[in-house]
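Down below is the structure, laid out as structure tokens.
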Amino acid sequence: MAPKLGELLVKEKLITAEQLQQALVEQKSAGGRLGYHLTKKGYLTEDELTTFLSKQYGVPSINLSDFKIDPEVIKLVPFDVAKKYFVIPINRVGATLVLAMADPSNIFAIDDIKFMTGYNVEAVVAAEVTIIDAIKDFYGKKGKTAGDEAKKMSLDAKDYAFDEDDDSTGMFEGEEEGGEVVDVDDFDDLVHGAVDDVEIVDAEDEEAGTEEVDAPIVKLVNGILIKAAKLGVSDIHIEPYEKAFRVRYRLDGVLKKAMGLPIKIKNAITSRIKIMSQLDISERRLPQDGRIKLKMGRKREMDFRVSVLPCLFGEKVVMRLLDKSNLQLDMTKLGFGEEQLKDFLGEIHKPFGMCLVTGPTGSGKTTTLYSALSDLNKESENIMTAEDPVEFNLMGINQVQMHDDIGLNFAAALRSFLRQDPDIIMVGEIRDFETAEIAIKAALTGHMVLSTLHTNNAPETINRLLNMGVEPFLVASSLNVIVAQRLARRICTECKEPEKVPKQALIDVGFEPDDTDFTVYKGKGCDACGGTGYKGRVALYEVMVISDAIKEAVLTGASVPEIKAEAIRGGMDTLRMSALKGIKAGITTMEETVRGTVPDKG
């Protein structure tokens, strides 16, 4: 292991062991770099430290105060990276970028900047104070972006001494804790500014590096996020193709193109998002996941769950918006029918058993589970959850984030939960036999277990558990209720109007011939709904209580249609039945019913 800086300075007799100990004590209490504290206490000068580092690592030393730096070179390294690694770019010669560093042994900084810029990096050592001055001088010229951040920071060198342990929250540049995020009005100007400030990269060099990320890119990414938050979208898709680069928003469950961007800024956009979500900007071959926290005023906080996936023509970024202020925990407002809600609440309030919520990705399963947990959350109950990821923090509930890379998966978490004296357990998803087996055993030994599965409807969930390898008698004895759900778009109340629909069309969608005498509604399209005729979504539910008759059907090996027929005889409304009730109530449309559910016959 290489000797540390302090040990080397003592060995060279530039400082004494006592001086080193005093500096280390101050560093531990105040933070920052050891070199800063040594020079601050007067044990050695900046020049002596710089000269020593130059000799030790075999790199030239320079005095930045006497060095004229081209602003175009500064643009190659974004402020975030300069701040994190305590560096400043000073020159560019051919394919080589000369980088002034306070610690020329920091190979992580060199590698990151090499991959980010596409240039070979040649390090020189400079005094910390002069690097601070250069960061303030050059990044301070960018107006209300990185410069504001630099100006607001303390002049003290320890405040600039960020290293690999930096725990920044990923807030927007120029945003103070709890402050407002500036809105964006004109995206065209931002796009033109971003294109003007991004250097054109040759096709053969594009694979190796990333265009620079500068103030217009920062503003553009901020604007994309803020616009999405204002519109109330659920997901943002940023997609590179061979001859196009587009941004799409998923609003009320439907993807719609929001804007087209120039292809030349795709890597800059991706790098900016990676920096904000604390991902590795040099890794472009593997998928990565991160998170961005955004404060919109003092009372609204928005999280963006970031997923980066390498595709054929670049990295696709998908961000899911998690707005805690919009989290609906009142079960009476989710879309349950009166009898459905009564059945569901009755089953989850039993002392033990298993309740499963099923449906495809994005169907609102997490919201239903959180609402159930909120209803169960009492001081007398110990509630444990295993989630991947933890989407919302709930007071009074012990939530655990899964980390498969270190062996913390759902099965491992469940085993640990059973040693934590739980009353109620929530498992994010049952994906395999091991997790299903532990969850069912927990349900049979006095615990209430809530979880999700990816199936099309409630009866198919039983077949899915059996296919995993769970014995029929365990399924029959552990299950209390299965809830299948979908999300349908609501008709906009601002432009809602009657629609003439032929009687046969109503019969075809599932209504009985003698049950077609009612008014069907649709949305005409207005400014409030963006011309779509829809605003917001409502959940459609299929609540299957595991009655004695259904248990008997499971034990005798009944098929899915047979179990479904038995559940309907017991009073279950299917997803299509719930949708038909939504049509009669004027909540949703026939088109949404056909799009989101399947007929019960044929």
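Ordered as shown in the structure tokens, chains take letters A, B, and onward, while each chain numbers its residues from 1 and ligands are numbered from 1 in the order shown.
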Using backbone DSSP assignments, extract all alpha helix (DSSP H) residues from stretch 23-57 of chain A; output them as a count of residues only. 27
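Between atom CA of A:Leu376 and atom CA of A:Glu338 lies a distance of 19.0 Å.
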Identify, on the basis of only C-alpha atoms, every residue whose closest approach to A:Thr332 does not exceed 8 Å; exclude the query and any residue fewer than 3 positions from it along the same chain; express the result as a list in words. Gly335, Phe336 and Leu341 of chain A
Next, write the just-selected residues to a file, as a PDB file, in the first residue's frame, keeping all heavy atoms as the atom set.
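Result file is result.pdb:
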ATOM      1  N   GLY A 335     -60.512   4.227  -6.230  1.00  0.00           N
ATOM      2  CA  GLY A 335     -61.311   3.667  -7.318  1.00  0.00           C
ATOM      3  C   GLY A 335     -62.003   2.370  -6.950  1.00  0.00           C
ATOM      4  O   GLY A 335     -62.702   1.784  -7.777  1.00  0.00           O
ATOM      5  N   PHE A 336     -61.819   1.891  -5.709  1.00  0.00           N
ATOM      6  CA  PHE A 336     -62.520   0.690  -5.270  1.00  0.00           C
ATOM      7  C   PHE A 336     -64.026   0.912  -5.277  1.00  0.00           C
ATOM      8  O   PHE A 336     -64.522   1.975  -4.880  1.00  0.00           O
ATOM      9  CB  PHE A 336     -62.113   0.326  -3.834  1.00  0.00           C
ATOM     10  CG  PHE A 336     -60.791  -0.378  -3.711  1.00  0.00           C
ATOM     11  CD1 PHE A 336     -59.677   0.296  -3.258  1.00  0.00           C
ATOM     12  CD2 PHE A 336     -60.673  -1.732  -4.027  1.00  0.00           C
ATOM     13  CE1 PHE A 336     -58.460  -0.342  -3.125  1.00  0.00           C
ATOM     14  CE2 PHE A 336     -59.466  -2.379  -3.899  1.00  0.00           C
ATOM     15  CZ  PHE A 336     -58.354  -1.689  -3.446  1.00  0.00           C
ATOM     16  N   LEU A 341     -64.012  -2.478  -1.659  1.00  0.00           N
ATOM     17  CA  LEU A 341     -63.247  -1.879  -0.570  1.00  0.00           C
ATOM     18  C   LEU A 341     -63.551  -2.580   0.754  1.00  0.00           C
ATOM     19  O   LEU A 341     -62.644  -2.843   1.546  1.00  0.00           O
ATOM     20  CB  LEU A 341     -63.563  -0.387  -0.457  1.00  0.00           C
ATOM     21  CG  LEU A 341     -62.807   0.392   0.619  1.00  0.00           C
ATOM     22  CD1 LEU A 341     -61.296   0.272   0.397  1.00  0.00           C
ATOM     23  CD2 LEU A 341     -63.225   1.858   0.630  1.00  0.00           C
TER      24      LEU A 341
END
Compile the contact shell of stretch 234-244 of chain A as a ChimeraX atom specification: residues with an atom at most 6 Å away, counting only C-alpha atoms, same-chain residues fewer than 2 positions apart removed. /A:246-250,313-314,316-321
Please list as a count of residues only every residue within 8 Å of A:Asn91, counting only C-alpha atoms and excluding residues in the same chain fewer than 6 positions away. 6
Name the residues in contact with A:Met448 at a cut-off of 10 Å, using only C-alpha atoms, excluding same-chain residues fewer than 6 positions from it; report them as a PyMOL selection string. chain A and resi 347-355+383+422-426+439-440+442+478+480
Just N, CA and C atoms for this one: save the residues we selected as a PDB file, in the first residue's frame.
ATOM      1  N   GLU A 347     -60.066  -8.251   4.697  1.00  0.00           N
ATOM      2  CA  GLU A 347     -59.020  -9.271   4.602  1.00  0.00           C
ATOM      3  C   GLU A 347     -57.667  -8.794   5.117  1.00  0.00           C
ATOM      4  N   ILE A 348     -57.307  -7.516   4.853  1.00  0.00           N
ATOM      5  CA  ILE A 348     -55.983  -7.056   5.313  1.00  0.00           C
ATOM      6  C   ILE A 348     -55.967  -6.804   6.816  1.00  0.00           C
ATOM      7  N   HIS A 349     -57.143  -6.678   7.433  1.00  0.00           N
ATOM      8  CA  HIS A 349     -57.190  -6.453   8.881  1.00  0.00           C
ATOM      9  C   HIS A 349     -57.293  -7.758   9.670  1.00  0.00           C
ATOM     10  N   LYS A 350     -57.228  -8.898   8.963  1.00  0.00           N
ATOM     11  CA  LYS A 350     -57.159 -10.173   9.671  1.00  0.00           C
ATOM     12  C   LYS A 350     -55.784 -10.305  10.337  1.00  0.00           C
ATOM     13  N   PRO A 351     -55.685 -11.108  11.408  1.00  0.00           N
ATOM     14  CA  PRO A 351     -54.405 -11.182  12.141  1.00  0.00           C
ATOM     15  C   PRO A 351     -53.270 -11.824  11.359  1.00  0.00           C
ATOM     16  N   PHE A 352     -53.574 -12.659  10.388  1.00  0.00           N
ATOM     17  CA  PHE A 352     -52.513 -13.278   9.602  1.00  0.00           C
ATOM     18  C   PHE A 352     -53.069 -13.672   8.234  1.00  0.00           C
ATOM     19  N   GLY A 353     -52.160 -14.073   7.346  1.00  0.00           N
ATOM     20  CA  GLY A 353     -52.542 -14.445   5.996  1.00  0.00           C
ATOM     21  C   GLY A 353     -51.773 -13.624   4.970  1.00  0.00           C
ATOM     22  N   MET A 354     -52.088 -13.831   3.698  1.00  0.00           N
ATOM     23  CA  MET A 354     -51.372 -13.137   2.617  1.00  0.00           C
ATOM     24  C   MET A 354     -52.356 -12.412   1.709  1.00  0.00           C
ATOM     25  N   CYS A 355     -52.026 -11.170   1.403  1.00  0.00           N
ATOM     26  CA  CYS A 355     -52.797 -10.364   0.453  1.00  0.00           C
ATOM     27  C   CYS A 355     -51.875  -9.985  -0.701  1.00  0.00           C
ATOM     28  N   ILE A 383     -44.379  -2.858  11.567  1.00  0.00           N
ATOM     29  CA  ILE A 383     -44.507  -3.073  10.116  1.00  0.00           C
ATOM     30  C   ILE A 383     -43.126  -3.001   9.481  1.00  0.00           C
ATOM     31  N   PRO A 422     -41.939  -9.045  13.733  1.00  0.00           N
ATOM     32  CA  PRO A 422     -42.877  -8.236  12.929  1.00  0.00           C
ATOM     33  C   PRO A 422     -44.332  -8.646  13.160  1.00  0.00           C
ATOM     34  N   ASP A 423     -45.244  -7.732  12.932  1.00  0.00           N
ATOM     35  CA  ASP A 423     -46.670  -8.041  12.880  1.00  0.00           C
ATOM     36  C   ASP A 423     -47.156  -8.063  11.436  1.00  0.00           C
ATOM     37  N   ILE A 424     -46.669  -7.086  10.655  1.00  0.00           N
ATOM     38  CA  ILE A 424     -47.077  -6.953   9.250  1.00  0.00           C
ATOM     39  C   ILE A 424     -45.824  -6.836   8.394  1.00  0.00           C
ATOM     40  N   ILE A 425     -45.778  -7.605   7.303  1.00  0.00           N
ATOM     41  CA  ILE A 425     -44.616  -7.607   6.401  1.00  0.00           C
ATOM     42  C   ILE A 425     -45.090  -7.260   4.998  1.00  0.00           C
ATOM     43  N   MET A 426     -44.379  -6.350   4.338  1.00  0.00           N
ATOM     44  CA  MET A 426     -44.664  -6.060   2.938  1.00  0.00           C
ATOM     45  C   MET A 426     -43.428  -6.382   2.107  1.00  0.00           C
ATOM     46  N   ALA A 439     -42.454 -16.190   2.313  1.00  0.00           N
ATOM     47  CA  ALA A 439     -43.616 -15.314   2.538  1.00  0.00           C
ATOM     48  C   ALA A 439     -44.823 -16.124   2.985  1.00  0.00           C
ATOM     49  N   ILE A 440     -45.056 -17.262   2.355  1.00  0.00           N
ATOM     50  CA  ILE A 440     -46.206 -18.095   2.716  1.00  0.00           C
ATOM     51  C   ILE A 440     -46.044 -18.680   4.113  1.00  0.00           C
ATOM     52  N   ALA A 442     -44.422 -17.292   6.508  1.00  0.00           N
ATOM     53  CA  ALA A 442     -44.652 -16.181   7.435  1.00  0.00           C
ATOM     54  C   ALA A 442     -46.148 -15.940   7.614  1.00  0.00           C
ATOM     55  N   SER A 478     -52.882 -20.149   2.886  1.00  0.00           N
ATOM     56  CA  SER A 478     -52.205 -18.888   3.228  1.00  0.00           C
ATOM     57  C   SER A 478     -52.877 -17.653   2.634  1.00  0.00           C
ATOM     58  N   ASN A 480     -55.432 -14.817   1.608  1.00  0.00           N
ATOM     59  CA  ASN A 480     -56.672 -14.189   2.058  1.00  0.00           C
ATOM     60  C   ASN A 480     -57.426 -13.547   0.902  1.00  0.00           C
TER      61      ASN A 480
END
Taking only C-alpha atoms into account, name the residue in A:Glu128, A:Glu512, A:Glu26, A:Asp252 that is nearest to A:Ala100.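 Among A:Glu128, A:Glu512, A:Glu26, A:Asp252, it is A:Glu128 that comes nearest to A:Ala100.
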One number please: atom CA of A:Leu444 to atom CA of A:Phe410, in Å, one decimal. 18.1 Å
Could you pull out all residues of stretch 281-317 of chain A with a DSSP call of strand (DSSP E or B) and give them as an MDAnalysis selection string? chainID A and resid 288:295 301:311 314:317
Would you mind exporting N, CA and C atoms of the selected residues as a compact mmCIF listing (two decimals), in the first residue's frame?
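As written to disk, out38.txt reads:
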# COMPACT_ATOMS: atom_id res chain seq x y z
N GLN A 288 -27.20 1.66 -15.33
CA GLN A 288 -27.01 2.27 -14.03
C GLN A 288 -28.33 2.82 -13.51
N ASP A 289 -28.46 2.85 -12.19
CA ASP A 289 -29.66 3.38 -11.55
C ASP A 289 -29.27 4.39 -10.50
N GLY A 290 -30.01 5.49 -10.43
CA GLY A 290 -29.72 6.53 -9.44
C GLY A 290 -30.98 7.29 -9.08
N ARG A 291 -30.79 8.41 -8.43
CA ARG A 291 -31.92 9.19 -7.94
C ARG A 291 -31.56 10.66 -7.90
N ILE A 292 -32.50 11.52 -8.27
CA ILE A 292 -32.34 12.96 -8.20
C ILE A 292 -33.42 13.50 -7.26
N LYS A 293 -33.02 14.37 -6.35
CA LYS A 293 -33.99 15.00 -5.45
C LYS A 293 -34.13 16.46 -5.86
N LEU A 294 -35.36 16.90 -6.03
CA LEU A 294 -35.65 18.26 -6.47
C LEU A 294 -36.62 18.91 -5.51
N LYS A 295 -36.25 20.06 -4.98
CA LYS A 295 -37.15 20.82 -4.12
C LYS A 295 -37.81 21.91 -4.95
N GLU A 301 -41.52 18.44 -2.54
CA GLU A 301 -40.27 17.76 -2.85
C GLU A 301 -40.55 16.67 -3.88
N MET A 302 -39.73 16.63 -4.91
CA MET A 302 -39.93 15.67 -5.99
C MET A 302 -38.68 14.81 -6.13
N ASP A 303 -38.88 13.50 -6.22
CA ASP A 303 -37.78 12.57 -6.49
C ASP A 303 -37.91 12.05 -7.91
N PHE A 304 -36.77 11.91 -8.58
CA PHE A 304 -36.73 11.31 -9.91
C PHE A 304 -35.90 10.03 -9.82
N ARG A 305 -36.52 8.90 -10.09
CA ARG A 305 -35.80 7.63 -10.09
C ARG A 305 -35.21 7.44 -11.48
N VAL A 306 -33.90 7.39 -11.57
CA VAL A 306 -33.20 7.44 -12.86
C VAL A 306 -32.69 6.06 -13.26
N SER A 307 -32.96 5.68 -14.49
CA SER A 307 -32.42 4.44 -15.05
C SER A 307 -31.74 4.76 -16.38
N VAL A 308 -30.46 4.38 -16.50
CA VAL A 308 -29.69 4.62 -17.72
C VAL A 308 -29.38 3.27 -18.36
N LEU A 309 -29.72 3.13 -19.64
CA LEU A 309 -29.53 1.86 -20.35
C LEU A 309 -28.78 2.08 -21.66
N PRO A 310 -27.63 1.41 -21.85
CA PRO A 310 -26.90 1.54 -23.13
C PRO A 310 -27.70 0.92 -24.27
N CYS A 311 -27.96 1.69 -25.31
CA CYS A 311 -28.67 1.20 -26.50
C CYS A 311 -27.73 1.32 -27.72
N GLY A 314 -26.60 5.10 -28.31
CA GLY A 314 -26.33 5.92 -27.14
C GLY A 314 -27.07 5.39 -25.93
N GLU A 315 -27.08 6.14 -24.87
CA GLU A 315 -27.71 5.71 -23.63
C GLU A 315 -29.12 6.30 -23.51
N LYS A 316 -30.09 5.41 -23.29
CA LYS A 316 -31.46 5.87 -23.05
C LYS A 316 -31.63 6.11 -21.56
N VAL A 317 -32.25 7.24 -21.23
CA VAL A 317 -32.51 7.59 -19.83
C VAL A 317 -34.02 7.61 -19.61
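Within the 12 Å cut-off around stretch 16-23 of chain A, using only C-alpha atoms and omitting residues fewer than 5 positions from it on the same chain, the listed residues are Lys4, Leu5, Gly6, Glu7, Leu8, Leu9, Val10, Lys11, Lys28, Ser29, Ala30, Gly31, Gly32, Arg33, Leu34, Gly35, Tyr36, His37, Leu38, Thr39, Lys40, Lys41, Gly42, Tyr43 and Leu44 of chain A.
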Here is a test: counting only C-alpha atoms, which residue of A:Val427, A:Ser282, A:Lys378, A:Lys68 is nearest to A:Thr117?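 Counting only C-alpha atoms, the residue closest to A:Thr117 is A:Ser282.
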I need the residue nearest A:Ser559 from this list: A:Asp133, A:Glu460, A:Asp80, A:Asp404. Use only C-alpha atoms for the distance. A:Glu460
Could you tell me which of A:Val449, A:Ala443, A:Leu49, A:Val81 comes closest to A:Ala372 if we count only C-alpha atoms?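 Between A:Val449, A:Ala443, A:Leu49, A:Val81, the residue approaching A:Ala372 most closely is A:Val449.
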Of the listed residues A:His447, A:Ala558, A:Tyr541, A:Val594, that which approaches A:Glu339 most closely, counting only C-alpha atoms: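 Looking at the shortest contact to A:Glu339, the residue is A:Tyr541.
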